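Structure data (mmCIF, C-alpha atoms) from my_file_37.cif:
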data_work
#
loop_
_atom_site.label_atom_id
_atom_site.label_comp_id
_atom_site.auth_asym_id
_atom_site.auth_seq_id
_atom_site.Cartn_x
_atom_site.Cartn_y
_atom_site.Cartn_z
CA MET A 120 -19.00 -3.56 15.41
CA ASN A 121 -21.83 -1.04 15.90
CA ARG A 122 -23.73 0.74 13.14
CA PHE A 123 -22.01 4.09 13.82
CA ILE A 124 -18.56 2.66 13.08
CA LEU A 125 -19.87 0.89 9.97
CA LEU A 126 -21.33 4.21 8.77
CA LEU A 127 -18.00 5.95 9.47
CA PHE A 128 -16.10 3.39 7.36
CA THR A 129 -18.64 3.91 4.55
CA LEU A 130 -18.21 7.70 4.63
CA LEU A 131 -14.44 7.29 4.51
CA GLY A 132 -14.70 5.04 1.47
CA CYS A 133 -13.31 2.04 3.38
CA THR A 134 -14.36 -1.59 3.65
CA LEU A 135 -13.78 -3.86 6.61
CA SER A 136 -11.32 -5.95 4.59
CA SER A 137 -9.30 -2.91 3.43
CA VAL A 138 -9.00 -1.68 7.02
CA ALA A 139 -7.88 -5.06 8.30
CA GLN A 140 -5.75 -6.06 5.34
CA SER A 141 -2.05 -6.56 5.93
CA PHE A 142 0.59 -8.48 4.03
CA GLU A 143 0.20 -11.47 6.37
CA THR A 144 -3.56 -11.61 5.71
CA TYR A 145 -3.16 -12.85 2.16
CA PHE A 146 0.49 -13.76 1.56
CA GLU A 147 3.27 -15.94 2.83
CA ASP A 148 6.85 -14.69 2.99
CA ALA A 149 7.80 -16.05 -0.43
CA THR A 150 8.03 -14.85 -4.04
CA LEU A 151 5.99 -16.13 -6.96
CA ARG A 152 7.65 -15.57 -10.33
CA ILE A 153 5.23 -15.48 -13.27
CA ASP A 154 6.62 -15.84 -16.79
CA TYR A 155 4.40 -14.68 -19.67
CA THR A 156 4.78 -14.42 -23.43
CA PHE A 157 3.42 -11.36 -25.24
CA LEU A 158 2.83 -11.94 -28.93
CA GLY A 159 1.14 -10.40 -31.93
CA ASP A 160 1.49 -7.45 -34.27
CA ALA A 161 0.09 -3.94 -34.72
CA ARG A 162 -3.43 -5.28 -35.29
CA GLU A 163 -3.77 -8.10 -32.77
CA GLN A 164 -2.05 -8.90 -29.47
CA HIS A 165 -2.15 -11.87 -27.09
CA VAL A 166 -0.79 -12.90 -23.68
CA ALA A 167 0.12 -16.50 -22.81
CA LEU A 168 1.23 -18.01 -19.51
CA LYS A 169 4.54 -19.88 -19.67
CA GLU A 170 5.57 -20.95 -16.15
CA LEU A 171 5.30 -20.30 -12.42
CA GLN A 172 8.23 -20.50 -10.02
CA GLN A 173 8.56 -20.09 -6.26
CA HIS A 174 11.52 -18.42 -4.55
CA PRO A 175 12.08 -18.01 -0.79
CA GLU A 176 11.20 -14.76 0.97
CA TRP A 177 9.44 -11.68 -0.38
CA SER A 178 11.56 -8.54 -0.62
CA GLY A 179 8.97 -6.35 -2.33
CA ARG A 180 6.65 -3.78 -0.84
CA ARG A 181 4.40 -4.69 2.09
CA HIS A 182 2.43 -1.43 2.00
CA ASN A 183 -0.17 -0.17 -0.47
CA LEU A 184 -0.40 -3.65 -1.94
CA ALA A 185 -3.57 -3.08 -3.99
CA THR A 186 -2.62 0.30 -5.48
CA THR A 187 -0.07 1.60 -7.98
CA PRO A 188 1.46 5.10 -8.16
CA LEU A 189 1.26 5.16 -11.99
CA ARG A 190 -0.93 3.56 -14.65
CA GLY A 191 1.78 2.25 -16.95
CA ASN A 192 0.94 0.45 -20.18
CA GLY A 193 0.00 -2.72 -18.36
CA ARG A 194 -1.13 -4.10 -15.04
CA VAL A 195 -0.77 -7.36 -13.13
CA THR A 196 -3.48 -7.88 -10.50
CA LEU A 197 -4.01 -10.60 -7.91
CA ARG A 198 -7.49 -11.10 -6.45
CA ASP A 199 -8.47 -13.32 -3.55
CA LYS A 200 -10.42 -16.11 -5.22
CA ALA A 201 -13.04 -16.39 -2.51
CA SER A 202 -13.88 -12.70 -2.04
CA GLY A 203 -12.78 -11.17 -5.34
CA GLU A 204 -10.86 -8.48 -3.46
CA VAL A 205 -7.76 -7.02 -5.08
CA ILE A 206 -4.84 -8.06 -2.87
CA TYR A 207 -1.90 -6.98 -5.05
CA SER A 208 -1.39 -4.79 -8.10
CA GLN A 209 1.64 -3.79 -10.17
CA ALA A 210 1.80 -1.45 -13.16
CA PHE A 211 4.44 -1.86 -15.85
CA SER A 212 5.46 -1.19 -19.43
CA SER A 213 7.03 -3.57 -21.90
CA LEU A 214 9.24 -3.67 -24.95
CA PHE A 215 6.41 -5.45 -26.77
CA GLN A 216 4.14 -2.43 -26.38
CA GLU A 217 6.85 -0.16 -27.70
CA TRP A 218 7.35 -2.47 -30.66
CA ILE A 219 3.72 -2.66 -31.83
CA VAL A 220 3.78 1.01 -32.91
CA THR A 221 6.88 0.47 -35.09
CA PRO A 222 6.69 -0.07 -38.88
CA GLU A 223 7.93 -3.65 -38.44
CA ALA A 224 4.81 -4.53 -36.44
CA GLN A 225 2.73 -3.76 -39.53
CA GLN A 226 4.53 -6.53 -41.42
CA VAL A 227 5.22 -9.41 -39.03
CA SER A 228 4.16 -11.01 -35.73
CA ARG A 229 6.69 -11.40 -32.95
CA SER A 230 6.81 -12.76 -29.39
CA PHE A 231 8.39 -11.10 -26.34
CA GLU A 232 9.20 -12.48 -22.91
CA ALA A 233 7.87 -10.85 -19.73
CA THR A 234 8.45 -11.76 -16.08
CA PHE A 235 6.84 -10.45 -12.89
CA LEU A 236 7.65 -11.05 -9.23
CA VAL A 237 4.62 -11.02 -6.91
CA PRO A 238 4.08 -12.20 -3.33
CA MET A 239 2.97 -15.83 -2.94
CA PRO A 240 -0.74 -16.03 -2.00
CA LEU A 241 -1.73 -18.10 1.02
CA LYS A 242 -4.96 -19.20 -0.67
CA GLU A 243 -6.25 -19.53 -4.21
CA ALA A 244 -5.97 -16.29 -6.13
CA GLU A 245 -6.92 -15.09 -9.59
CA ALA A 246 -4.15 -13.42 -11.55
CA GLU A 247 -5.04 -11.03 -14.35
CA ILE A 248 -2.64 -9.33 -16.73
CA VAL A 249 -3.85 -6.50 -18.95
CA LEU A 250 -1.97 -4.74 -21.78
CA MET A 251 -3.05 -1.24 -22.85
CA ASN A 252 -2.30 0.84 -25.91
CA ASN A 253 -1.05 4.44 -26.02
CA ARG A 254 -4.64 5.66 -25.70
CA GLY A 255 -5.09 3.87 -22.39
CA GLU A 256 -7.43 1.31 -23.95
CA GLU A 257 -7.22 -2.40 -23.16
CA GLN A 258 -5.52 -4.37 -25.94
CA CYS A 259 -5.63 -7.86 -24.49
CA SER A 260 -5.76 -9.66 -21.18
CA LEU A 261 -5.40 -13.04 -19.55
CA LYS A 262 -6.83 -14.48 -16.33
CA HIS A 263 -5.58 -17.60 -14.61
CA THR A 264 -5.89 -19.20 -11.18
CA ILE A 265 -2.94 -19.53 -8.82
CA ARG A 266 -3.15 -22.44 -6.39
CA PRO A 267 -0.38 -22.35 -3.76
CA ASP A 268 -0.37 -26.17 -3.66
CA ASP A 269 -0.02 -26.50 -7.45
CA ALA A 270 2.54 -29.26 -8.05
CA LEU A 271 3.67 -27.56 -11.26
CA ILE A 272 4.88 -24.40 -9.55
CA ARG A 273 8.61 -24.98 -9.87
CA ASP A 274 10.18 -24.69 -6.39
CA LEU A 275 13.61 -23.14 -6.78
CA SER A 276 14.15 -22.24 -3.15
CA LYS A 277 17.08 -24.65 -2.89
CA VAL A 278 18.93 -23.29 -5.96
CA ASP A 279 22.16 -21.56 -4.99
CA PRO A 280 22.17 -17.88 -5.98
CA LEU A 281 24.91 -16.31 -8.03
CA PRO A 282 27.62 -14.59 -5.95
CA TYR A 283 26.46 -11.15 -4.83
CA GLU A 284 27.39 -8.43 -2.39
CA TYR A 285 25.79 -5.31 -0.95
CA LEU A 286 27.17 -2.03 -2.25
CA HIS A 287 24.86 0.11 -0.14
CA ARG A 288 22.63 -1.15 2.65
CA GLY A 289 20.02 1.26 3.94
CA GLY A 290 18.28 -1.37 6.04
CA SER A 291 16.62 -4.78 5.94
CA ASP A 292 15.50 -6.31 2.64
CA GLU A 293 11.94 -6.32 3.93
CA ALA A 294 11.91 -2.60 4.71
CA CYS A 295 14.03 -1.25 1.83
CA ILE A 296 13.79 -1.08 -1.95
CA ASP A 297 16.22 -3.71 -3.24
CA VAL A 298 17.99 -2.73 -6.47
CA CYS A 299 20.07 -5.48 -8.07
CA ILE A 300 22.89 -4.36 -10.37
CA LEU A 301 23.82 -7.14 -12.82
CA ALA A 302 26.96 -7.75 -14.84
CA GLU A 303 26.43 -8.07 -18.61
CA GLY A 304 29.39 -8.83 -20.87
CA TYR A 305 31.85 -9.26 -17.99
CA THR A 306 33.82 -12.51 -17.93
CA PRO A 307 34.67 -14.13 -14.57
CA GLU A 308 38.10 -12.49 -14.79
CA GLU A 309 36.46 -9.04 -15.10
CA MET A 310 34.30 -9.13 -11.98
CA GLU A 311 36.47 -6.65 -10.07
CA LEU A 312 35.95 -4.20 -12.93
CA PHE A 313 32.21 -4.87 -12.71
CA LEU A 314 32.18 -4.17 -8.98
CA GLN A 315 33.88 -0.83 -9.59
CA ASP A 316 31.30 0.04 -12.25
CA ALA A 317 28.42 -1.11 -10.04
CA ARG A 318 29.63 1.07 -7.15
CA THR A 319 29.80 4.02 -9.52
CA ALA A 320 26.23 3.39 -10.68
CA ALA A 321 24.85 3.07 -7.14
CA GLU A 322 26.69 6.14 -5.90
CA GLU A 323 25.55 8.21 -8.89
CA ILE A 324 21.87 7.32 -8.46
CA LEU A 325 22.02 8.06 -4.74
CA ARG A 326 23.66 11.42 -5.45
CA TYR A 327 20.48 12.78 -7.08
CA ALA A 328 17.40 14.15 -5.35
CA PRO A 329 15.14 12.66 -4.17
CA PHE A 330 17.18 9.44 -3.83
CA ASN A 331 19.79 11.18 -1.67
CA ALA A 332 17.13 12.06 0.91
CA TYR A 333 15.97 8.45 1.12
CA ARG A 334 19.30 6.60 1.15
CA ASP A 335 18.13 4.61 4.16
CA ARG A 336 15.27 3.14 2.10
CA PHE A 337 17.45 1.59 -0.61
CA ASN A 338 19.71 -1.42 -0.84
CA PHE A 339 21.99 -1.73 -3.86
CA ILE A 340 23.22 -5.28 -4.54
CA ALA A 341 25.88 -6.23 -7.11
CA VAL A 342 25.17 -9.60 -8.77
CA LYS A 343 28.21 -11.23 -10.37
CA SER A 344 26.49 -12.69 -13.44
CA PRO A 345 29.29 -14.04 -15.67
CA SER A 346 29.44 -13.95 -19.47
CA LEU A 347 31.32 -16.22 -21.84
CA HIS A 348 32.46 -13.24 -23.92
CA SER A 349 33.61 -9.78 -22.91
CA ASN A 350 31.60 -6.81 -24.25
CA VAL A 351 28.05 -7.15 -25.65
CA SER A 352 26.48 -7.64 -29.05
CA VAL A 353 26.73 -4.62 -31.35
CA PRO A 354 24.96 -5.58 -34.61
CA GLN A 355 25.90 -2.32 -36.35
CA GLU A 356 29.51 -3.47 -35.99
CA GLU A 357 28.63 -7.05 -37.00
CA ALA A 358 29.65 -8.19 -33.51
CA TRP A 359 27.58 -10.90 -31.81
CA ARG A 360 28.67 -12.23 -28.41
CA GLU A 361 27.47 -14.76 -25.82
CA THR A 362 26.66 -12.85 -22.66
CA ALA A 363 24.75 -13.32 -19.41
CA ILE A 364 21.43 -11.97 -20.74
CA ASN A 365 22.03 -11.78 -24.51
CA SER A 366 21.62 -8.01 -24.78
CA ASN A 367 22.21 -6.14 -28.02
CA PHE A 368 22.10 -2.70 -29.56
CA MET A 369 19.95 -1.89 -32.63
CA THR A 370 16.65 -2.61 -30.89
CA PHE A 371 13.93 -1.65 -33.41
CA TYR A 372 16.89 -0.86 -35.72
CA MET A 373 17.82 2.11 -33.50
CA PRO A 374 21.63 2.04 -33.03
CA ARG A 375 21.59 3.49 -29.48
CA TYR A 376 18.74 1.36 -28.11
CA LEU A 377 20.27 -1.41 -25.96
CA THR A 378 17.82 -4.04 -24.64
CA THR A 379 17.46 -7.77 -24.14
CA GLY A 380 14.86 -10.18 -25.44
CA SER A 381 15.97 -12.81 -22.92
CA VAL A 382 13.88 -11.59 -19.99
CA TYR A 383 13.51 -15.06 -18.45
CA LYS A 384 17.29 -15.41 -18.47
CA LEU A 385 17.57 -11.92 -16.95
CA TYR A 386 15.46 -12.93 -13.96
CA ASP A 387 17.32 -16.24 -13.66
CA GLN A 388 20.36 -14.17 -12.63
CA VAL A 389 18.61 -12.93 -9.46
CA ARG A 390 17.09 -16.20 -8.26
CA ASN A 391 17.08 -16.30 -4.46
CA ILE A 392 18.57 -12.80 -4.22
CA PRO A 393 16.47 -9.94 -2.75
CA CYS A 394 15.29 -8.02 -5.79
CA GLU A 395 12.68 -5.41 -6.72
CA HIS A 396 14.39 -3.43 -9.46
CA LEU A 397 17.05 -4.38 -12.00
CA VAL A 398 19.95 -2.31 -13.31
CA VAL A 399 22.11 -4.06 -15.91
CA LEU A 400 25.57 -2.71 -16.73
CA ALA A 401 26.96 -3.57 -20.17
CA ASN A 402 30.73 -3.90 -20.42
CA THR A 403 31.15 -1.72 -23.53
CA ASP A 404 32.04 1.81 -24.53
CA THR A 405 29.39 1.95 -27.26
CA TYR A 406 26.88 4.68 -26.37
CA GLY A 407 23.34 3.67 -25.53
CA GLY A 408 20.91 2.11 -23.11
CA GLY A 409 17.26 1.53 -22.30
CA GLY A 410 14.90 1.70 -19.36
CA ILE A 411 11.43 0.09 -19.15
CA TYR A 412 9.06 0.83 -16.27
CA ASN A 413 9.12 -1.91 -13.61
CA SER A 414 11.16 -4.14 -15.92
CA TYR A 415 14.84 -3.13 -16.11
CA THR A 416 17.49 -0.50 -16.76
CA LEU A 417 20.25 -1.46 -19.19
CA THR A 418 23.13 0.88 -19.95
CA THR A 419 26.76 0.94 -21.04
CA ALA A 420 29.36 1.25 -18.32
CA HIS A 421 32.39 2.54 -20.22
CA HIS A 422 31.11 5.39 -22.32
CA PRO A 423 31.99 8.90 -21.01
CA SER A 424 28.24 9.54 -20.46
CA PHE A 425 27.79 6.45 -18.24
CA LYS A 426 26.91 8.39 -15.08
CA PRO A 427 24.14 10.63 -16.45
CA VAL A 428 22.74 7.85 -18.64
CA VAL A 429 22.37 5.26 -15.86
CA VAL A 430 20.46 7.83 -13.78
CA HIS A 431 18.28 8.74 -16.79
CA GLU A 432 17.43 5.10 -17.53
CA PHE A 433 16.71 4.44 -13.84
CA GLY A 434 14.26 7.34 -14.05
CA HIS A 435 12.40 5.27 -16.64
CA SER A 436 12.53 1.85 -15.00
CA PHE A 437 12.03 2.92 -11.38
CA GLY A 438 9.99 6.09 -11.68
CA GLY A 439 8.04 5.59 -14.90
CA LEU A 440 9.31 8.93 -16.21
CA GLY A 441 8.99 9.73 -19.92
CA ASP A 442 11.67 11.03 -22.25
CA GLU A 443 11.58 14.82 -22.46
CA TYR A 444 13.81 15.09 -25.50
CA PHE A 445 12.61 15.35 -29.10
CA TYR A 446 14.01 14.82 -32.57
CA ASP A 447 14.32 17.14 -35.57
CA THR A 448 12.81 14.49 -37.83
CA PRO A 449 9.16 14.87 -38.92
CA ASP A 450 6.79 14.20 -36.01
CA ALA A 451 4.64 11.88 -38.10
CA THR A 452 7.38 9.23 -37.96
CA ASP A 453 6.87 8.59 -34.24
CA GLU A 454 3.68 6.89 -33.06
CA THR A 455 4.72 6.32 -29.43
CA TYR A 456 2.09 8.75 -28.11
CA SER A 457 -1.39 9.68 -29.27
CA LEU A 458 -1.78 13.46 -29.21
CA ALA A 459 -5.51 13.00 -28.63
CA HIS A 460 -4.89 11.30 -25.27
CA GLU A 461 -2.97 12.13 -22.11
CA PRO A 462 0.18 9.99 -21.70
CA TRP A 463 0.46 8.12 -18.41
CA GLU A 464 4.03 9.28 -17.75
CA PRO A 465 3.90 12.03 -15.09
CA ASN A 466 6.42 14.44 -16.68
CA ILE A 467 5.01 14.87 -20.20
CA THR A 468 1.60 16.08 -21.31
CA THR A 469 -0.50 16.57 -24.43
CA ARG A 470 -2.66 19.04 -22.42
CA VAL A 471 -5.66 16.72 -22.78
CA ASP A 472 -5.66 16.31 -18.98
CA PHE A 473 -2.96 18.69 -17.83
CA ASP A 474 -4.64 19.22 -14.44
CA SER A 475 -3.60 15.66 -13.54
CA LYS A 476 0.06 16.47 -14.17
CA TRP A 477 1.94 19.53 -12.83
CA ALA A 478 -0.62 22.34 -13.15
CA ASP A 479 -0.41 22.80 -9.36
CA MET A 480 3.35 23.51 -9.63
CA MET A 481 3.10 26.29 -12.22
CA PRO A 482 4.12 29.79 -11.06
CA ALA A 483 1.24 32.26 -10.99
CA GLY A 484 0.87 34.19 -14.23
CA ILE A 485 3.40 32.20 -16.30
CA GLU A 486 2.50 32.06 -19.98
CA THR A 487 1.54 28.80 -21.73
CA PRO A 488 3.16 27.53 -23.79
CA THR A 489 6.15 28.82 -21.87
CA GLU A 490 9.01 30.61 -23.59
CA VAL A 491 12.48 29.08 -23.28
CA THR A 492 14.91 31.59 -21.71
CA GLU A 493 18.38 31.28 -20.22
CA GLU A 494 17.07 32.35 -16.81
CA ARG A 495 14.38 29.67 -16.81
CA LYS A 496 16.94 27.13 -17.93
CA ALA A 497 19.26 27.99 -15.04
CA ASP A 498 16.48 28.07 -12.42
CA TYR A 499 14.62 24.95 -13.62
CA THR A 500 11.49 27.12 -13.75
CA VAL A 501 8.41 24.90 -14.04
CA GLY A 502 6.28 25.77 -17.03
CA LEU A 503 4.76 24.23 -20.13
CA TYR A 504 7.56 23.99 -22.70
CA GLU A 505 6.68 22.52 -26.08
CA GLY A 506 8.76 19.58 -27.22
CA GLY A 507 9.02 16.20 -25.52
CA GLY A 508 8.13 12.55 -25.94
CA TYR A 509 10.18 12.53 -29.18
CA ARG A 510 7.95 15.17 -30.83
CA THR A 511 8.64 18.87 -31.41
CA LYS A 512 4.94 19.77 -31.44
CA GLY A 513 1.95 18.71 -29.36
CA ILE A 514 3.80 17.25 -26.34
CA PHE A 515 5.03 19.44 -23.50
CA ARG A 516 7.63 19.05 -20.73
CA PRO A 517 7.91 20.79 -17.32
CA THR A 518 11.31 22.57 -17.60
CA VAL A 519 13.83 23.65 -20.21
CA VAL A 520 16.36 21.03 -19.09
CA CYS A 521 16.10 17.92 -16.91
CA ARG A 522 17.94 14.64 -16.42
CA MET A 523 15.12 13.09 -18.49
CA ARG A 524 16.08 15.34 -21.41
CA ASP A 525 19.78 16.27 -21.27
CA ASN A 526 22.98 14.54 -20.24
CA VAL A 527 24.26 17.97 -19.17
CA ALA A 528 21.39 18.56 -16.73
CA GLU A 529 22.57 18.65 -13.12
CA ARG A 530 19.34 17.28 -11.63
CA PHE A 531 15.87 15.98 -12.28
CA CYS A 532 13.36 18.80 -12.70
CA PRO A 533 11.01 19.55 -9.76
CA VAL A 534 8.15 17.62 -11.42
CA CYS A 535 10.27 14.50 -11.88
CA GLU A 536 11.66 14.79 -8.35
CA ARG A 537 8.14 14.97 -6.90
CA ASN A 538 7.02 11.90 -8.81
CA LEU A 539 10.12 9.90 -7.92
CA GLU A 540 9.46 10.70 -4.28
CA ARG A 541 5.86 9.52 -4.66
CA VAL A 542 7.09 6.16 -5.96
CA ILE A 543 9.58 5.81 -3.09
CA LEU A 544 6.90 6.59 -0.50
CA HIS A 545 4.39 4.28 -2.14
CA GLN A 546 6.84 1.40 -1.83
CA THR A 547 8.01 2.11 1.71
CA GLU A 548 5.22 3.83 3.69
CA PRO A 549 1.54 3.05 4.37
CA ALA A 550 -0.82 5.48 2.66
CA LYS A 551 -1.92 8.33 4.92
#

Can you present the structure in this file as structure tokens?
Amino acid sequence: MNRFILLLFTLLGCTLSSVAQSFETYFEDATLRIDYTFLGDAREQHVALKELQQHPEWSGRRHNLATTPLRGNGRVTLRDKASGEVIYSQAFSSLFQEWIVTPEAQQVSRSFEATFLVPMPLKEAEAEIVLMNNRGEEQCSLKHTIRPDDALIRDLSKVDPLPYEYLHRGGSDEACIDVCILAEGYTPEEMELFLQDARTAAEEILRYAPFNAYRDRFNFIAVKSPSLHSNVSVPQEEAWRETAINSNFMTFYMPRYLTTGSVYKLYDQVRNIPCEHLVVLANTDTYGGGGIYNSYTLTTAHHPSFKPVVVHEFGHSFGGLGDEYFYDTPDATDETYSLAHEPWEPNITTRVDFDSKWADMMPAGIETPTEVTEERKADYTVGLYEGGGYRTKGIFRPTVVCRMRDNVAERFCPVCERNLERVILHQTEPAK
């Protein structure tokens, strides 16, 4: 290669390896599952490695492997051991990081499970996981070496998967975003009911922009994960049940917050099934749910608000969108966000770095903060409306209403739609 071409690559900010890099350069067509444990309290946090597993085929993205569309509250990175080059990166959030800002974390240490699916390296690679706080500062990290010939990587390629079927098939598993919808609290005799609920969830998500414009880039797969008991655990009703992933309401003592601490068991349900994103449907009419970025959506299937809530929670888990609603309780009771720092979620802002958010989408001459009017509510006018991220003051949202704020909203706001589209394109198209 002559000096002129080398100079051109330098001016473009490229390296020879980044130009030549493809999925096949560094990875085999297989999945590496990494199980971690997050543990600590409000003052001190740690990450520990639990186990590595290998599954056949890789159904995740094959483009933009070393970049992420959002920062998240954590990051998993794979580097080629020989060159040090980043060959894969994934941003995420976790229930652990939500918990450490709760009052309970001031009093006791707890552990949380976390699982990540990454492509299997062809050669030795260094894995690094980093957890960050709500100021974007590193809390803790762990590095460890992955050797593809490691005898202690549990090979589960021969394990039979749970029964599953495609509800919507936009294309091949390699080319599309594979969303697995799991049954939680459905007995074997209730699987037909689950399939009806799963179809409803898939159809509702695909009804919204921008998902409806990219139907051919999604596969929705129903996984028939059976439970011993019907319904799920509702501690506020003194009801505890044995279910596929041990989910329960009252997370952080919040009655509506439905999550699971059994993340390893959650990922066991999709062994040897194409999977990039998880949607879990709970067989209950109790209102609630939860969505954690690049972890899972979990929501109730038989409450009247099922349809809007499953789309809202998928906005969290798939798109990394923040909650735009706020409470009437004193703002000092919620420590989720630091008002002195810009949150990483693309649809809320503290105005610390608003130019990185939706400043380019603001109509010329609109006042800031922006006044709430009926006309702006009806037109989804983009502005800077105070109230969001659970706080009435200091955090701002893009529109008066949005699927990330209201169950009555008919759509995502333009800012959320743009960012959801960015995530879809990042996962399915090479960067331009």

Could you write out as a VMD selection string the residues that the PyMOL selection byres ((chain A and resi 339) around 10) matches in the shown file?
-> chain A and resid 284 to 289 295 to 300 317 to 318 320 to 322 325 337 to 338 340 to 342 393 to 394 396 to 398

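Interatomic distance, atom CA of A:Ser349 against atom CA of A:Thr418: 15.2 Å.
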
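The residues returned by the PyMOL selection byres ((chain A and resi 373) around 12) for this structure are Trp218, Thr221, Val353, Pro354, Gln355, Asn367, Phe368, Met369, Thr370, Phe371, Tyr372, Pro374, Arg375, Tyr376, Leu377, Thr378, Tyr406, Gly407, Gly408 and Gly409 of chain A.
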
Test item: residues at most 12 Å from A:Val278, only C-alpha atoms, excluding those fewer than 5 positions along its chain, as a PyMOL selection string = chain A and resi 172-175+273+387-392

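Residue nearest A:Ala358 within the list A:Thr405, A:Ser141, A:Ser202, A:Thr518: A:Thr405 [criterion: smallest interatomic distance, only C-alpha atoms].
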
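Checking A:Pro307, A:Gly439, A:Ala302, A:Glu357 one by one against A:Leu417, counting all atoms listed in the file, you find the shortest gap at A:Ala302.
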
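With only C-alpha atoms as the atoms that count, the residue of A:Ala294, A:Gln216, A:Thr144, A:Glu461 with the shortest distance to A:Asp335 is A:Ala294.
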
A:Tyr509, A:Phe157, A:Phe142, A:Trp477 ranked by distance to A:Pro238, top pick (using only C-alpha atoms) = A:Phe142

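When atom CA of A:Ile265 is paired with atom CA of A:Val249, their separation reads 16.5 Å.
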
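Among A:Leu241, A:Leu236, A:Met251, A:Val542, the residue with the shortest atom-to-atom distance to A:Gly434, counting all atoms listed in the file, is A:Val542.
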
For stretch 525-530 of chain A, supply all heavy atoms and format the output as a PDB file, in the coordinates of the input.
ATOM      1  N   ASP A 525      18.414  15.906 -20.903  1.00  0.00           N
ATOM      2  CA  ASP A 525      19.780  16.270 -21.270  1.00  0.00           C
ATOM      3  C   ASP A 525      20.807  15.558 -20.405  1.00  0.00           C
ATOM      4  O   ASP A 525      20.657  15.498 -19.180  1.00  0.00           O
ATOM      5  CB  ASP A 525      19.995  17.779 -21.097  1.00  0.00           C
ATOM      6  CG  ASP A 525      18.926  18.603 -21.793  1.00  0.00           C
ATOM      7  OD1 ASP A 525      17.883  18.872 -21.167  1.00  0.00           O
ATOM      8  OD2 ASP A 525      19.138  18.960 -22.950  1.00  0.00           O
ATOM      9  N   ASN A 526      21.865  15.086 -21.014  1.00  0.00           N
ATOM     10  CA  ASN A 526      22.980  14.540 -20.240  1.00  0.00           C
ATOM     11  C   ASN A 526      23.716  15.618 -19.466  1.00  0.00           C
ATOM     12  O   ASN A 526      24.446  15.323 -18.508  1.00  0.00           O
ATOM     13  CB  ASN A 526      23.957  13.802 -21.150  1.00  0.00           C
ATOM     14  CG  ASN A 526      23.439  12.427 -21.556  1.00  0.00           C
ATOM     15  OD1 ASN A 526      22.534  11.888 -20.926  1.00  0.00           O
ATOM     16  ND2 ASN A 526      23.993  11.867 -22.607  1.00  0.00           N
ATOM     17  N   VAL A 527      23.568  16.885 -19.864  1.00  0.00           N
ATOM     18  CA  VAL A 527      24.260  17.970 -19.170  1.00  0.00           C
ATOM     19  C   VAL A 527      23.461  18.500 -17.990  1.00  0.00           C
ATOM     20  O   VAL A 527      23.973  19.301 -17.205  1.00  0.00           O
ATOM     21  CB  VAL A 527      24.581  19.131 -20.137  1.00  0.00           C
ATOM     22  CG1 VAL A 527      25.522  18.666 -21.225  1.00  0.00           C
ATOM     23  CG2 VAL A 527      23.300  19.722 -20.735  1.00  0.00           C
ATOM     24  N   ALA A 528      22.207  18.078 -17.848  1.00  0.00           N
ATOM     25  CA  ALA A 528      21.390  18.560 -16.730  1.00  0.00           C
ATOM     26  C   ALA A 528      21.986  18.095 -15.408  1.00  0.00           C
ATOM     27  O   ALA A 528      22.438  16.950 -15.280  1.00  0.00           O
ATOM     28  CB  ALA A 528      19.950  18.066 -16.863  1.00  0.00           C
ATOM     29  N   GLU A 529      21.958  18.967 -14.410  1.00  0.00           N
ATOM     30  CA  GLU A 529      22.570  18.650 -13.120  1.00  0.00           C
ATOM     31  C   GLU A 529      21.607  17.951 -12.166  1.00  0.00           C
ATOM     32  O   GLU A 529      22.021  17.495 -11.104  1.00  0.00           O
ATOM     33  CB  GLU A 529      23.083  19.944 -12.472  1.00  0.00           C
ATOM     34  CG  GLU A 529      24.191  20.625 -13.279  1.00  0.00           C
ATOM     35  CD  GLU A 529      24.631  21.934 -12.655  1.00  0.00           C
ATOM     36  OE1 GLU A 529      23.987  22.369 -11.678  1.00  0.00           O
ATOM     37  OE2 GLU A 529      25.617  22.513 -13.147  1.00  0.00           O
ATOM     38  N   ARG A 530      20.332  17.855 -12.544  1.00  0.00           N
ATOM     39  CA  ARG A 530      19.340  17.280 -11.630  1.00  0.00           C
ATOM     40  C   ARG A 530      18.107  16.861 -12.429  1.00  0.00           C
ATOM     41  O   ARG A 530      17.977  17.149 -13.618  1.00  0.00           O
ATOM     42  CB  ARG A 530      18.926  18.326 -10.582  1.00  0.00           C
ATOM     43  CG  ARG A 530      18.440  19.630 -11.205  1.00  0.00           C
ATOM     44  CD  ARG A 530      17.922  20.633 -10.198  1.00  0.00           C
ATOM     45  NE  ARG A 530      16.562  20.300  -9.766  1.00  0.00           N
ATOM     46  CZ  ARG A 530      15.760  21.157  -9.139  1.00  0.00           C
ATOM     47  NH1 ARG A 530      16.186  22.387  -8.849  1.00  0.00           N
ATOM     48  NH2 ARG A 530      14.547  20.804  -8.783  1.00  0.00           N
TER      49      ARG A 530
END
